[in-house]
$ cat run19.txt   # compact mmCIF, C-alpha atoms
# COMPACT_ATOMS: atom_id res chain seq x y z
CA MET A 1 76.52 158.46 67.28
CA GLU A 2 76.45 158.57 63.50
CA ALA A 3 78.62 155.45 63.25
CA ALA A 4 76.24 153.60 65.57
CA ARG A 5 73.30 154.61 63.38
CA ARG A 6 75.01 153.10 60.35
CA ASN A 7 76.29 149.97 62.08
CA PRO A 8 74.86 148.61 65.36
CA LEU A 9 78.29 147.17 66.23
CA ASP A 10 79.52 150.75 66.62
CA PHE A 11 77.03 151.27 69.47
CA GLU A 12 79.54 149.75 71.92
CA PRO A 13 81.40 152.98 72.77
CA LEU A 14 78.10 154.66 73.67
CA TYR A 15 77.14 151.63 75.74
CA ARG A 16 80.47 151.62 77.59
CA LYS A 17 80.25 155.35 78.28
CA TYR A 18 76.77 155.26 79.84
CA VAL A 19 76.15 151.72 81.15
CA GLY A 20 77.52 152.46 84.62
CA GLN A 21 75.40 155.58 84.98
CA VAL A 22 72.20 153.86 83.84
CA TYR A 23 72.87 150.85 86.07
CA SER A 24 73.55 153.11 89.05
CA PHE A 25 70.23 154.89 88.48
CA ALA A 26 68.45 151.53 88.17
CA ILE A 27 69.98 150.13 91.36
CA TYR A 28 68.98 153.21 93.35
CA GLU A 29 65.47 153.06 91.96
CA LEU A 30 64.91 149.30 92.26
CA ARG A 31 67.35 148.30 95.04
CA ASP A 32 67.79 144.90 93.43
CA PRO A 33 70.97 144.18 91.44
CA HIS A 34 69.32 141.55 89.23
CA ARG A 35 66.37 143.74 88.32
CA ALA A 36 68.71 146.70 87.81
CA GLU A 37 70.82 144.63 85.38
CA ASP A 38 67.70 143.58 83.47
CA LEU A 39 66.42 147.14 83.36
CA THR A 40 69.81 148.45 82.18
CA GLU A 41 69.85 145.86 79.42
CA GLY A 42 66.34 146.91 78.42
CA VAL A 43 67.35 150.58 78.26
CA PHE A 44 70.20 149.90 75.87
CA LEU A 45 68.22 147.47 73.72
CA ARG A 46 65.47 150.06 73.34
CA ALA A 47 67.99 152.80 72.65
CA LEU A 48 69.75 150.71 70.02
CA ALA A 49 66.45 149.88 68.33
CA ALA A 50 65.32 153.54 68.35
CA LEU A 51 68.71 155.07 67.53
CA PRO A 52 67.81 155.80 63.88
CA ARG A 53 64.95 157.99 65.13
CA PHE A 54 67.04 159.80 67.77
CA HIS A 55 68.14 163.34 66.90
CA GLU A 56 70.83 165.06 68.94
CA ARG A 57 69.79 168.36 70.49
CA GLY A 58 72.10 170.72 72.29
CA GLU A 59 75.83 171.13 72.34
CA GLY A 60 76.57 167.82 70.68
CA ASP A 61 78.52 166.54 73.69
CA GLY A 62 76.22 163.55 74.09
CA SER A 63 74.26 165.14 76.92
CA SER A 64 70.97 164.91 75.05
CA PHE A 65 71.75 161.24 74.34
CA ARG A 66 72.37 160.78 78.07
CA ILE A 67 69.07 162.50 78.87
CA TRP A 68 67.32 160.30 76.32
CA LEU A 69 68.79 157.17 77.97
CA PHE A 70 67.62 158.32 81.40
CA ARG A 71 64.14 159.01 80.06
CA ILE A 72 64.01 155.46 78.76
CA ALA A 73 65.25 154.25 82.17
CA ARG A 74 62.67 156.36 84.00
CA ASN A 75 59.90 154.90 81.84
CA LEU A 76 61.11 151.33 82.40
CA VAL A 77 61.29 151.93 86.17
CA ALA A 78 57.70 153.19 86.06
CA ASN A 79 56.71 150.02 84.17
CA GLU A 80 58.46 147.89 86.81
CA ARG A 81 56.63 149.67 89.61
CA ARG A 82 53.27 149.27 87.84
CA HIS A 83 53.99 145.58 87.41
CA ASP A 84 54.97 145.26 91.09
CA ARG A 85 51.73 146.94 92.19
CA ARG A 86 49.67 144.65 89.98
CA HIS A 87 51.58 141.50 90.90
CA PRO A 88 52.83 141.88 94.48
CA GLN A 89 55.31 139.32 95.72
CA THR A 90 56.64 138.63 99.15
CA GLY A 91 60.41 138.48 99.21
CA LEU A 92 63.34 138.78 101.53
CA ASP A 93 64.32 142.29 102.55
CA GLN A 94 67.35 143.68 100.79
CA VAL A 95 70.40 143.42 102.99
CA PHE A 96 72.57 146.51 103.11
CA GLU A 97 76.21 145.61 103.05
CA HIS A 98 78.49 148.06 104.71
CA ILE A 99 82.18 147.58 105.30
CA ALA A 100 83.37 149.14 108.51
CA THR A 101 86.82 149.07 109.99
CA ASP A 102 85.48 149.12 113.55
CA GLY A 103 83.96 146.24 115.44
CA PRO A 104 80.44 144.77 115.30
CA ALA A 105 78.91 147.57 117.39
CA ALA A 106 80.12 150.26 114.96
CA ARG A 107 78.91 148.21 111.97
CA ALA A 108 75.49 147.80 113.59
CA GLU A 109 75.25 151.54 114.27
CA ASP A 110 76.35 152.40 110.71
CA ARG A 111 73.82 149.94 109.28
CA GLU A 112 71.07 151.42 111.44
CA GLU A 113 71.90 154.96 110.29
CA MET A 114 71.98 153.86 106.66
CA GLU A 115 68.64 152.11 107.01
CA LEU A 116 67.16 155.26 108.60
CA ALA A 117 68.44 157.32 105.68
CA TRP A 118 67.05 154.90 103.08
CA ARG A 119 63.69 154.80 104.83
CA ALA A 120 63.61 158.62 104.85
CA ILE A 121 64.44 158.68 101.14
CA ASP A 122 61.88 155.95 100.40
CA ARG A 123 59.15 158.00 102.07
CA LEU A 124 59.71 160.88 99.67
CA PRO A 125 57.27 161.37 96.82
CA GLU A 126 58.58 159.63 93.70
CA GLU A 127 59.66 162.76 91.81
CA ARG A 128 61.53 164.18 94.81
CA ARG A 129 63.34 160.88 95.37
CA ARG A 130 64.22 160.58 91.71
CA ALA A 131 65.48 164.20 91.59
CA LEU A 132 67.76 163.50 94.59
CA VAL A 133 69.19 160.36 93.01
CA LEU A 134 69.81 162.07 89.68
CA ARG A 135 71.44 165.08 91.36
CA PHE A 136 73.60 163.46 94.03
CA VAL A 137 74.19 159.94 92.78
CA GLU A 138 74.29 160.52 89.04
CA GLU A 139 75.69 164.05 89.54
CA MET A 140 73.48 165.55 86.86
CA SER A 141 72.87 169.25 86.41
CA THR A 142 69.45 170.71 87.13
CA ALA A 143 69.05 171.26 83.38
CA GLU A 144 69.60 167.54 82.69
CA ILE A 145 67.24 166.54 85.50
CA ALA A 146 64.62 168.97 84.22
CA ALA A 147 64.83 167.42 80.76
CA ILE A 148 64.53 163.89 82.18
CA LEU A 149 61.61 164.70 84.46
CA GLY A 150 59.90 167.01 82.00
CA ARG A 151 59.95 169.91 84.48
CA SER A 152 61.49 173.38 84.52
CA GLU A 153 64.90 173.91 86.14
CA GLY A 154 63.25 176.00 88.85
CA ALA A 155 60.81 173.20 89.61
CA VAL A 156 63.73 170.75 89.85
CA ARG A 157 65.56 173.02 92.29
CA VAL A 158 62.40 173.19 94.41
CA LEU A 159 62.01 169.39 94.27
CA ILE A 160 65.59 168.87 95.44
CA HIS A 161 65.36 171.51 98.15
CA ARG A 162 62.12 170.10 99.53
CA ALA A 163 63.45 166.55 99.33
CA LEU A 164 66.56 167.47 101.31
CA ARG A 165 64.51 169.28 103.93
CA SER A 166 62.15 166.31 104.26
CA VAL A 167 64.98 163.81 104.60
CA ALA A 168 66.79 166.00 107.14
CA ALA A 169 63.62 166.43 109.23
CA ASP A 170 62.88 162.71 109.00
CA LEU A 171 66.42 161.81 110.08
CA GLN A 172 66.28 164.36 112.90
CA ARG A 173 63.11 162.71 114.21
CA GLY A 174 64.69 159.27 113.81
CA MET A 175 67.89 160.24 115.61
CA GLY A 176 65.94 162.00 118.35
CA GLY A 177 64.05 158.80 119.04
CA ARG A 178 67.27 156.82 119.63
CA ARG A 179 68.27 155.81 123.08
$ encode --input "run19.txt" --output "structure tokens"
Amino acid sequence: MEAARRNPLDFEPLYRKYVGQVYSFAIYELRDPHRAEDLTEGVFLRALAALPRFHERGEGDGSSFRIWLFRIARNLVANERRHDRRHPQTGLDQVFEHIATDGPAARAEDREEMELAWRAIDRLPEERRRALVLRFVEEMSTAEIAAILGRSEGAVRVLIHRALRSVAADLQRGMGGRR
């Protein structure tokens, strides 16, 4: 961290350590690889520019730097969503790719189940959805999620619990309606 503050070329190890995590968060939030790449680039450009003003808090293991990166990512995602609301565009639906070892019928069933799950997750309020992604995709602790979302750890646990219950109920209704 200190080396990167002195010389921007030394930022590369930090970039390599966290780029996959930030990109993964962006892809789950935006569901578009190109936009996720752009957002990830924006996160690291902003972080590099603001690095002299960043002060490590905590154990010194980089976790507060990670939280800081995810806060930047969360803010950029919010900006993207605001832009999308102000400038709606009609586009092709994202195609979920799923590799299955069984035949076409099994792939179609898997794809249908995955689409049901994504629709259930998409229907969640934004903070609940984001808490789920940070917890189960990014495998963050409730403390890290709380710092990113600006909520208490207890509130994060409640968000995750309610999100899981909502998704389970939504999937139960969706599976019950199948023939």
$ closest_residue --input "run19.txt" --among "A:Ala49, A:Val156, A:Met114, A:Val77" --to "A:Tyr28" --atoms "all atoms listed in the file"
A:Val77
$ residues_around --input "run19.txt" --residues "A:Ile121" --least-positions-apart "6" --cutoff "10 Å" --atoms "all atoms listed in the file" --output "list in words"
Glu115, Arg128, Arg129, Arg130, Leu132, Val133, Ala163, Leu164, Ser166, Val167, Ala168, Asp170 and Leu171 of chain A
$ closest_residue --input "run19.txt" --among "A:Met1, A:Leu116, A:Ala47, A:Leu9" --to "A:Phe70" --atoms "only C-alpha atoms"
A:Ala47
$ atom_distance --input "run19.txt" --atom1 "atom CA of A:Asp32" --atom2 "atom CA of A:Ala120"
18.3 Å
$ atom_distance --input "run19.txt" --atom1 "atom CA of A:Arg71" --atom2 "atom CA of A:Trp118"
23.6 Å
$ atom_distance --input "run19.txt" --atom1 "atom CA of A:Ala143" --atom2 "atom CA of A:Arg16"
23.4 Å
$ closest_residue --input "run19.txt" --among "A:Glu138, A:Phe44, A:Ala50, A:Val158" --to "A:Ser24" --atoms "only C-alpha atoms"
A:Glu138
$ residues_near_point --input "run19.txt" --point "(77.0, 153.9, 82.5)" --cutoff "12 Å" --atoms "all atoms listed in the file" --output "short mmCIF file (atom, residue, chain, number, x, y, z; two decimals) with C-alpha atoms, keeping the file's coordinate frame"
data_model
loop_
_atom_site.label_atom_id
_atom_site.label_comp_id
_atom_site.auth_asym_id
_atom_site.auth_seq_id
_atom_site.Cartn_x
_atom_site.Cartn_y
_atom_site.Cartn_z
CA GLU A 12 79.54 149.75 71.92
CA PRO A 13 81.40 152.98 72.77
CA LEU A 14 78.10 154.66 73.67
CA TYR A 15 77.14 151.63 75.74
CA ARG A 16 80.47 151.62 77.59
CA LYS A 17 80.25 155.35 78.28
CA TYR A 18 76.77 155.26 79.84
CA VAL A 19 76.15 151.72 81.15
CA GLY A 20 77.52 152.46 84.62
CA GLN A 21 75.40 155.58 84.98
CA VAL A 22 72.20 153.86 83.84
CA TYR A 23 72.87 150.85 86.07
CA SER A 24 73.55 153.11 89.05
CA PHE A 25 70.23 154.89 88.48
CA ALA A 26 68.45 151.53 88.17
CA ILE A 27 69.98 150.13 91.36
CA GLU A 37 70.82 144.63 85.38
CA THR A 40 69.81 148.45 82.18
CA GLU A 41 69.85 145.86 79.42
CA VAL A 43 67.35 150.58 78.26
CA PHE A 44 70.20 149.90 75.87
CA ARG A 66 72.37 160.78 78.07
CA LEU A 69 68.79 157.17 77.97
CA PHE A 70 67.62 158.32 81.40
CA ALA A 73 65.25 154.25 82.17
CA GLU A 138 74.29 160.52 89.04
#
$ closest_residue --input "run19.txt" --among "A:Arg46, A:Glu126, A:Pro52, A:Asp84" --to "A:Ile72" --atoms "all atoms listed in the file"
A:Arg46
